[in-house]
Amino acid sequence: MTTFTQLAMPVFERAIGDYHRSDNVDAPIRNPFADDSIENRLYLKCWIDTVQWHLEDLIRDPQIQPEAGMALKRRIDKSNQDRTDLVEQIDSYFRDCYKDVQVLPTATINTESPAWAIDRLSILALKIWHMREQADRRDASEEHRQRCGAKLDVLLEQRTDLSTAIDQLLADIAAGRKYMKVYRQMKMYNDPSTNPVLYRK
């Protein structure tokens with residue numbers, strides 16, 4: 001039986017690979033999965049993460065002009081909100097999957113929801129892709145490649161551990177040993193009615 005992380009990881013890897021065909025933060029997304037599928041949401045989640053990864057690289061250019069930097073900062077802020085919205089969509093998917101589970105009287109809640117753990121798995125897929133790129137760089141020193149290769153080994157181990165933990169959490173939810181809630185992030189600085197800089201204007 002395929003676990004959820006075994007489903008998710010190839011989708012993340014495909015999104016990262018598709019992005020790097022152009023390696024352009026403005027490249028249009030071409031999500032290959034059906035609109036109503038969880039794979040579609042996972043692909044979009046990882047695409048957003050991948051674009052944001054490269055936006056974060058761009059904004060750290062020491063020669064960047066202030067206007068361009070501010071435009072990038074606002075784009076990153078929007079990306080963060082899109083990412084949060086997507087995580088909440090994925091949590092809603094899990095909540096629907098397990099809505100008929102009889103929760104045991106001894107059930108406990110987890111420190112984070114399944115989708116926020118999946119969020120970390122998507123970011124980890126990006127770290128692995130880029131660390132492998134550094135470990136294989138022919139224009140870098142041998143010391144650099146070895147150092148990045150050692151970090152890559154740690155990231156791969158971390159992926160195994162995180163995948164195991166996620167699949168165990170989902171199994172526990174399915175069996176009623178854990179229960180989940182979906183909390184909206186309620187980011188106040190994005191809301192013109194709760195950010196004083198905005199509502200005082």
# chains A, B, ... in the order shown; residues from 1 in each chain; ligands from 1
call {"tool": "select_by_dssp", "arguments": {"residues": "region 1-199 of chain A", "states": "strand (DSSP E or B)", "output": "number ranges by chain"}}
result
A: 108-109, 178-179
call {"tool": "write_last_selection", "arguments": {"atoms": "N, CA and C atoms", "output": "short mmCIF file (atom, residue, chain, number, x, y, z; two decimals), in the first residue's frame"}}
result
data_model
loop_
_atom_site.label_atom_id
_atom_site.label_comp_id
_atom_site.auth_asym_id
_atom_site.auth_seq_id
_atom_site.Cartn_x
_atom_site.Cartn_y
_atom_site.Cartn_z
N THR A 108 -5.15 11.83 21.30
CA THR A 108 -4.46 13.09 21.58
C THR A 108 -4.30 13.88 20.29
N ILE A 109 -4.05 15.17 20.45
CA ILE A 109 -3.83 16.03 19.29
C ILE A 109 -2.32 16.17 19.06
N LYS A 178 -5.23 9.62 17.19
CA LYS A 178 -4.96 11.06 17.17
C LYS A 178 -6.17 11.73 16.52
N TYR A 179 -6.36 12.99 16.82
CA TYR A 179 -7.38 13.75 16.11
C TYR A 179 -6.76 15.07 15.64
#
call {"tool": "closest_atom_pairs", "arguments": {"of": "region 60-139 of chain A", "to": "region 6-23 of chain A", "cutoff": "12 Å", "atoms": "only C-alpha atoms", "output": "JSON lines"}}
result
{"residue": "A:Ile90", "atom": "CA", "partner": "A:Ala8", "partner_atom": "CA", "distance": 11.8}
{"residue": "A:Ala115", "atom": "CA", "partner": "A:Ala8", "partner_atom": "CA", "distance": 11.4}
{"residue": "A:Ala117", "atom": "CA", "partner": "A:Ala8", "partner_atom": "CA", "distance": 11.9}
{"residue": "A:Ile118", "atom": "CA", "partner": "A:Ala8", "partner_atom": "CA", "distance": 8.4}
{"residue": "A:Asp119", "atom": "CA", "partner": "A:Phe12", "partner_atom": "CA", "distance": 10.6}
{"residue": "A:Arg120", "atom": "CA", "partner": "A:Phe12", "partner_atom": "CA", "distance": 11.5}
{"residue": "A:Leu121", "atom": "CA", "partner": "A:Met9", "partner_atom": "CA", "distance": 8.0}
{"residue": "A:Ser122", "atom": "CA", "partner": "A:Phe12", "partner_atom": "CA", "distance": 6.3}
{"residue": "A:Ile123", "atom": "CA", "partner": "A:Phe12", "partner_atom": "CA", "distance": 9.2}
{"residue": "A:Leu124", "atom": "CA", "partner": "A:Phe12", "partner_atom": "CA", "distance": 9.8}
{"residue": "A:Ala125", "atom": "CA", "partner": "A:Phe12", "partner_atom": "CA", "distance": 6.8}
{"residue": "A:Leu126", "atom": "CA", "partner": "A:Ile16", "partner_atom": "CA", "distance": 7.1}
{"residue": "A:Lys127", "atom": "CA", "partner": "A:Ile16", "partner_atom": "CA", "distance": 10.6}
{"residue": "A:Ile128", "atom": "CA", "partner": "A:Glu13", "partner_atom": "CA", "distance": 9.9}
{"residue": "A:Trp129", "atom": "CA", "partner": "A:Ile16", "partner_atom": "CA", "distance": 7.9}
{"residue": "A:His130", "atom": "CA", "partner": "A:Ile16", "partner_atom": "CA", "distance": 9.9}
{"residue": "A:Glu133", "atom": "CA", "partner": "A:His20", "partner_atom": "CA", "distance": 11.5}
call {"tool": "residues_around", "arguments": {"residues": "Arg41 (chain A)", "least_positions_apart": "5", "cutoff": "10 Å", "atoms": "only C-alpha atoms", "output": "JSON, numbers by chain"}}
result
{"A": [11, 31, 33, 34, 35, 36, 46, 47, 86, 87, 89, 90, 93]}
call {"tool": "residues_around", "arguments": {"residues": "Asp136 (chain A)", "least_positions_apart": "4", "cutoff": "9 Å", "atoms": "only C-alpha atoms", "output": "PDB file with N, CA and C atoms, in the first residue's frame"}}
result
ATOM      1  N   MET A 131      20.917  21.188  -2.571  1.00  0.00           N
ATOM      2  CA  MET A 131      22.161  20.718  -1.964  1.00  0.00           C
ATOM      3  C   MET A 131      22.850  19.704  -2.883  1.00  0.00           C
ATOM      4  N   ARG A 132      22.065  18.886  -3.556  1.00  0.00           N
ATOM      5  CA  ARG A 132      22.663  17.946  -4.525  1.00  0.00           C
ATOM      6  C   ARG A 132      23.317  18.715  -5.659  1.00  0.00           C
ATOM      7  N   ALA A 140      33.054  24.328  -8.410  1.00  0.00           N
ATOM      8  CA  ALA A 140      33.325  24.568  -6.989  1.00  0.00           C
ATOM      9  C   ALA A 140      34.509  23.712  -6.548  1.00  0.00           C
ATOM     10  N   ARG A 145      32.300  20.700  -2.414  1.00  0.00           N
ATOM     11  CA  ARG A 145      31.471  19.564  -2.827  1.00  0.00           C
ATOM     12  C   ARG A 145      31.349  18.531  -1.708  1.00  0.00           C
ATOM     13  N   CYS A 148      29.034  19.914   1.044  1.00  0.00           N
ATOM     14  CA  CYS A 148      27.632  19.860   0.623  1.00  0.00           C
ATOM     15  C   CYS A 148      27.140  18.418   0.516  1.00  0.00           C
ATOM     16  N   GLY A 149      28.025  17.512   0.136  1.00  0.00           N
ATOM     17  CA  GLY A 149      27.651  16.103   0.095  1.00  0.00           C
ATOM     18  C   GLY A 149      27.308  15.576   1.480  1.00  0.00           C
TER      19      GLY A 149
END
call {"tool": "closest_residue", "arguments": {"among": "A:Leu170, A:Ala165, A:Gly69, A:Gln134", "to": "Leu152 (chain A)", "atoms": "only C-alpha atoms"}}
result
A:Gln134
call {"tool": "decode", "arguments": {"residues": "region 123-160 of chain A", "atoms": "C-alpha atoms", "output": "mmCIF file, in the first residue's frame"}}
result
data_model
loop_
_atom_site.group_PDB
_atom_site.id
_atom_site.type_symbol
_atom_site.label_atom_id
_atom_site.label_comp_id
_atom_site.auth_asym_id
_atom_site.auth_seq_id
_atom_site.Cartn_x
_atom_site.Cartn_y
_atom_site.Cartn_z
ATOM 1 C CA ILE A 123 10.680 22.518 1.646
ATOM 2 C CA LEU A 124 12.932 19.566 2.414
ATOM 3 C CA ALA A 125 12.574 18.327 -1.176
ATOM 4 C CA LEU A 126 13.812 21.751 -2.305
ATOM 5 C CA LYS A 127 16.759 21.675 0.088
ATOM 6 C CA ILE A 128 17.735 18.228 -1.207
ATOM 7 C CA TRP A 129 17.516 19.326 -4.850
ATOM 8 C CA HIS A 130 19.673 22.389 -4.294
ATOM 9 C CA MET A 131 22.161 20.718 -1.964
ATOM 10 C CA ARG A 132 22.663 17.946 -4.525
ATOM 11 C CA GLU A 133 23.252 20.641 -7.136
ATOM 12 C CA GLN A 134 25.972 22.118 -4.913
ATOM 13 C CA ALA A 135 27.507 18.725 -4.171
ATOM 14 C CA ASP A 136 27.801 18.111 -7.933
ATOM 15 C CA ARG A 137 29.124 21.557 -8.916
ATOM 16 C CA ARG A 138 32.116 21.184 -11.201
ATOM 17 C CA ASP A 139 33.124 24.844 -10.800
ATOM 18 C CA ALA A 140 33.325 24.568 -6.989
ATOM 19 C CA SER A 141 36.215 23.314 -4.897
ATOM 20 C CA GLU A 142 36.464 19.713 -3.769
ATOM 21 C CA GLU A 143 36.094 20.928 -0.188
ATOM 22 C CA HIS A 144 32.816 22.665 -1.088
ATOM 23 C CA ARG A 145 31.471 19.564 -2.827
ATOM 24 C CA GLN A 146 32.386 17.311 0.089
ATOM 25 C CA ARG A 147 30.859 19.669 2.617
ATOM 26 C CA CYS A 148 27.632 19.860 0.623
ATOM 27 C CA GLY A 149 27.651 16.103 0.095
ATOM 28 C CA ALA A 150 27.776 15.592 3.864
ATOM 29 C CA LYS A 151 24.873 18.013 4.307
ATOM 30 C CA LEU A 152 22.962 16.179 1.587
ATOM 31 C CA ASP A 153 23.320 12.926 3.511
ATOM 32 C CA VAL A 154 21.794 14.579 6.572
ATOM 33 C CA LEU A 155 18.917 16.005 4.522
ATOM 34 C CA LEU A 156 18.168 12.589 3.022
ATOM 35 C CA GLU A 157 18.095 11.060 6.492
ATOM 36 C CA GLN A 158 15.843 13.871 7.648
ATOM 37 C CA ARG A 159 13.471 13.168 4.729
ATOM 38 C CA THR A 160 13.219 9.522 5.774
#
